[in-house]
Amino acid sequence: MKIASPLALLALLPMLLLAPACVSVKSMMKGTPSAAISKRLPPLEILADQGPLAMNDGALPEDPLKLFQQECRINLTEPTDSATYGYAKLIVKKVRTLRTGRAVQGLQVLTFMIPAVVGVPLEWYKTTLQAEVQVSDAAGNLLGSYLGTGTSEVKVAMYHGYSQTAAPRLADVIALRGAMAQIRPQLDTATTRLRPLLMAGGTVENPTLPASSVVTGSR
């Protein structure tokens with residue numbers, strides 16, 4: 001039996017990198033942890049600005065807004081189908097993604113991809129992301145801003161990792177969730193001050209509920 005040459009295996013490497021992973025990124029997108037703040041904020045218009053994330057190869061343009069909507073619905077704000085009392089805006093301030101372990105791919109080829117088959121990762125995507133949540137009243141007056149930083153490390157691997165197409169997006173998503181997890185307790189502390197100010201500011205004209213959906217930034 002003729003053994004495939006390293007060059008032939010190298011040609012197959014992109015197919016291996018794109019092979020389906022064992023865990024779906026879609027399931028991770030719906031995995032907002034339930035960690036509601038002690039006293040929720042009143043219903044708010046939910047906005048998002050991708051910032052530098054728009055230039056990254058990972059998250060889709062709609063991901064920051066979807067994640068922030070889930071966070072607000074599950075943990076931060078009261079539900080409503082009519083009035084809103086201000087705005088909550090997620091802004092991605094900084095993002096940096098590193099790809100490490102790519103040198104291992106050369107060794108994988110030399111060993112006929114056996115390590116990959118038994119679960120050795122082909123590379124890692126590591127993202128560090130800083131995000132800010134701004135809370136404003138119905139007139140647009142800024143009442144508070146809260147910063148958080150999240151990190152992630154997602155491996156590209158057969159069977160026990162993610163594909164090369166899924167890993168960059170997942171790295172951004174996990175880092176963004178981490179940033180929001182840091183912001184959540186800050187809002188929990190601030191809600192005693194924010195809630196009466198939001199209520200006193202009245203309601204937003206022409207609210208977009210039940211699905212507030214404003215996203216800025218472009219690739």
# chains A, B, ... in the order shown; residues from 1 in each chain; ligands from 1

$ residues_around --residues "Lys89 in chain A" --least-positions-apart "6" --cutoff "7 Å" --atoms "only C-alpha atoms" --output "list in words"
Ile46, Leu47, Ala48, Val133, Gln134 and Val135 of chain A

$ residues_around --residues "range 50-55 of chain A" --least-positions-apart "2" --cutoff "12 Å" --atoms "only C-alpha atoms" --output "VMD selection string"
chain A and resid 47 to 48 57 to 68 89 to 97 127 to 132 168 to 169 171 to 173 175 to 176 214 to 219

$ atom_distance --atom1 "CA of Arg99 in chain A" --atom2 "CA of Ala179 in chain A"
20.4 Å

$ atom_distance --atom1 "CA of Trp124 in chain A" --atom2 "CA of Val156 in chain A"
5.9 Å

$ atom_distance --atom1 "CA of Thr192 in chain A" --atom2 "CA of Asp49 in chain A"
26.1 Å

$ residues_around --residues "Met199 in chain A" --least-positions-apart "3" --cutoff "8 Å" --atoms "only C-alpha atoms" --output "list of chain:residue names"
A:Pro42, A:Tyr85, A:Arg195, A:Pro196, A:Gly202, A:Thr203

$ closest_residue --among "A:Ala83, A:Leu122, A:Thr165, A:Ala181" --to "Gly148 in chain A" --atoms "only C-alpha atoms"
A:Ala181

$ select_by_dssp --residues "range 22-196 of chain A" --states "strand (DSSP E or B)" --output "PyMOL selection string"
chain A and resi 41+45-49+77+87-100+123-136+142-156+162

$ write_last_selection --atoms "N, CA and C atoms" --output "short mmCIF file (atom, residue, chain, number, x, y, z; two decimals), in the first residue's frame"
data_model
loop_
_atom_site.label_atom_id
_atom_site.label_comp_id
_atom_site.auth_asym_id
_atom_site.auth_seq_id
_atom_site.Cartn_x
_atom_site.Cartn_y
_atom_site.Cartn_z
N LEU A 41 -32.96 46.92 35.34
CA LEU A 41 -33.22 48.24 34.77
C LEU A 41 -34.56 48.22 34.05
N GLU A 45 -34.01 50.68 24.89
CA GLU A 45 -33.66 50.42 23.50
C GLU A 45 -32.25 49.83 23.47
N ILE A 46 -32.06 48.75 22.74
CA ILE A 46 -30.77 48.05 22.73
C ILE A 46 -30.02 48.37 21.44
N LEU A 47 -28.82 48.91 21.58
CA LEU A 47 -28.00 49.31 20.44
C LEU A 47 -26.64 48.62 20.53
N ALA A 48 -25.93 48.58 19.40
CA ALA A 48 -24.59 48.00 19.40
C ALA A 48 -23.74 48.65 18.34
N ASP A 49 -22.48 48.85 18.66
CA ASP A 49 -21.49 49.38 17.72
C ASP A 49 -20.32 48.39 17.67
N THR A 77 -32.51 43.84 31.94
CA THR A 77 -33.66 44.73 31.83
C THR A 77 -34.99 44.00 32.01
N TYR A 87 -31.73 54.16 26.67
CA TYR A 87 -30.92 53.38 25.74
C TYR A 87 -29.79 52.66 26.49
N ALA A 88 -29.52 51.45 26.05
CA ALA A 88 -28.32 50.72 26.48
C ALA A 88 -27.54 50.38 25.21
N LYS A 89 -26.31 50.88 25.14
CA LYS A 89 -25.52 50.70 23.92
C LYS A 89 -24.22 49.97 24.24
N LEU A 90 -23.98 48.89 23.52
CA LEU A 90 -22.73 48.14 23.62
C LEU A 90 -21.77 48.64 22.56
N ILE A 91 -20.57 49.02 22.97
CA ILE A 91 -19.56 49.51 22.04
C ILE A 91 -18.30 48.67 22.19
N VAL A 92 -17.85 48.05 21.12
CA VAL A 92 -16.58 47.33 21.15
C VAL A 92 -15.47 48.36 20.97
N LYS A 93 -14.60 48.48 21.98
CA LYS A 93 -13.56 49.51 21.98
C LYS A 93 -12.24 49.01 21.39
N LYS A 94 -11.85 47.80 21.77
CA LYS A 94 -10.58 47.24 21.31
C LYS A 94 -10.75 45.75 21.07
N VAL A 95 -10.03 45.23 20.10
CA VAL A 95 -10.03 43.78 19.88
C VAL A 95 -8.70 43.38 19.26
N ARG A 96 -8.18 42.26 19.73
CA ARG A 96 -6.93 41.74 19.19
C ARG A 96 -7.01 40.23 19.15
N THR A 97 -6.74 39.65 17.99
CA THR A 97 -6.77 38.20 17.83
C THR A 97 -5.41 37.70 17.37
N LEU A 98 -4.90 36.69 18.07
CA LEU A 98 -3.63 36.06 17.70
C LEU A 98 -3.88 34.62 17.29
N ARG A 99 -3.16 34.19 16.27
CA ARG A 99 -3.19 32.78 15.87
C ARG A 99 -1.87 32.16 16.29
N THR A 100 -1.94 31.15 17.13
CA THR A 100 -0.72 30.50 17.61
C THR A 100 -0.75 29.02 17.27
N GLU A 123 -4.09 24.55 15.53
CA GLU A 123 -3.72 25.91 15.92
C GLU A 123 -4.74 26.44 16.91
N TRP A 124 -4.49 27.65 17.45
CA TRP A 124 -5.39 28.29 18.40
C TRP A 124 -5.67 29.72 17.96
N TYR A 125 -6.91 30.16 18.18
CA TYR A 125 -7.27 31.57 18.02
C TYR A 125 -7.46 32.15 19.42
N LYS A 126 -6.70 33.20 19.73
CA LYS A 126 -6.77 33.84 21.05
C LYS A 126 -7.18 35.30 20.87
N THR A 127 -8.32 35.66 21.44
CA THR A 127 -8.86 37.01 21.29
C THR A 127 -8.94 37.71 22.64
N THR A 128 -8.52 38.97 22.65
CA THR A 128 -8.71 39.86 23.79
C THR A 128 -9.57 41.02 23.32
N LEU A 129 -10.65 41.29 24.03
CA LEU A 129 -11.63 42.29 23.59
C LEU A 129 -12.06 43.17 24.75
N GLN A 130 -12.10 44.47 24.51
CA GLN A 130 -12.62 45.42 25.50
C GLN A 130 -13.91 46.02 24.97
N ALA A 131 -14.93 46.02 25.81
CA ALA A 131 -16.24 46.56 25.41
C ALA A 131 -16.74 47.52 26.49
N GLU A 132 -17.62 48.42 26.06
CA GLU A 132 -18.21 49.40 26.97
C GLU A 132 -19.73 49.38 26.79
N VAL A 133 -20.45 49.48 27.89
CA VAL A 133 -21.89 49.64 27.84
C VAL A 133 -22.22 51.04 28.34
N GLN A 134 -22.93 51.81 27.51
CA GLN A 134 -23.37 53.15 27.87
C GLN A 134 -24.87 53.13 28.11
N VAL A 135 -25.30 53.71 29.21
CA VAL A 135 -26.72 53.82 29.53
C VAL A 135 -27.11 55.29 29.47
N SER A 136 -28.14 55.60 28.67
CA SER A 136 -28.60 56.97 28.48
C SER A 136 -30.10 57.05 28.70
N LEU A 142 -26.16 60.87 28.69
CA LEU A 142 -25.40 59.73 29.21
C LEU A 142 -25.47 59.70 30.73
N LEU A 143 -25.90 58.59 31.27
CA LEU A 143 -26.03 58.43 32.72
C LEU A 143 -24.90 57.60 33.33
N GLY A 144 -24.27 56.78 32.52
CA GLY A 144 -23.18 55.96 33.03
C GLY A 144 -22.56 55.12 31.94
N SER A 145 -21.27 54.84 32.09
CA SER A 145 -20.58 53.95 31.13
C SER A 145 -19.75 52.95 31.93
N TYR A 146 -19.68 51.72 31.41
CA TYR A 146 -19.10 50.61 32.16
C TYR A 146 -18.24 49.77 31.23
N LEU A 147 -16.98 49.53 31.63
CA LEU A 147 -16.01 48.83 30.79
C LEU A 147 -15.78 47.40 31.27
N GLY A 148 -15.52 46.53 30.33
CA GLY A 148 -15.17 45.16 30.66
C GLY A 148 -14.23 44.58 29.62
N THR A 149 -13.40 43.63 30.01
CA THR A 149 -12.47 42.98 29.09
C THR A 149 -12.68 41.47 29.14
N GLY A 150 -12.71 40.87 27.98
CA GLY A 150 -12.87 39.42 27.90
C GLY A 150 -11.77 38.80 27.06
N THR A 151 -11.44 37.56 27.35
CA THR A 151 -10.43 36.84 26.59
C THR A 151 -10.97 35.47 26.19
N SER A 152 -10.34 34.88 25.20
CA SER A 152 -10.75 33.55 24.75
C SER A 152 -9.56 32.82 24.14
N GLU A 153 -9.68 31.52 24.11
CA GLU A 153 -8.69 30.66 23.44
C GLU A 153 -9.45 29.49 22.84
N VAL A 154 -9.53 29.45 21.52
CA VAL A 154 -10.31 28.43 20.82
C VAL A 154 -9.38 27.64 19.91
N LYS A 155 -9.43 26.34 20.02
CA LYS A 155 -8.52 25.51 19.23
C LYS A 155 -9.18 25.02 17.95
N VAL A 156 -8.36 24.93 16.92
CA VAL A 156 -8.77 24.31 15.66
C VAL A 156 -8.28 22.87 15.70
N TYR A 162 -12.71 23.01 16.89
CA TYR A 162 -13.56 23.71 15.93
C TYR A 162 -12.86 23.81 14.59
#

$ closest_residue --among "A:Ala138, A:Met180, A:Ala167, A:Leu44" --to "Glu71 in chain A" --atoms "only C-alpha atoms"
A:Met180

$ closest_residue --among "A:Leu170, A:Glu205, A:Asp188, A:Leu198" --to "Arg40 in chain A" --atoms "only C-alpha atoms"
A:Asp188

$ closest_residue --among "A:Gln164, A:Asn56, A:Asn141, A:Ser38" --to "Leu197 in chain A" --atoms "only C-alpha atoms"
A:Asn141
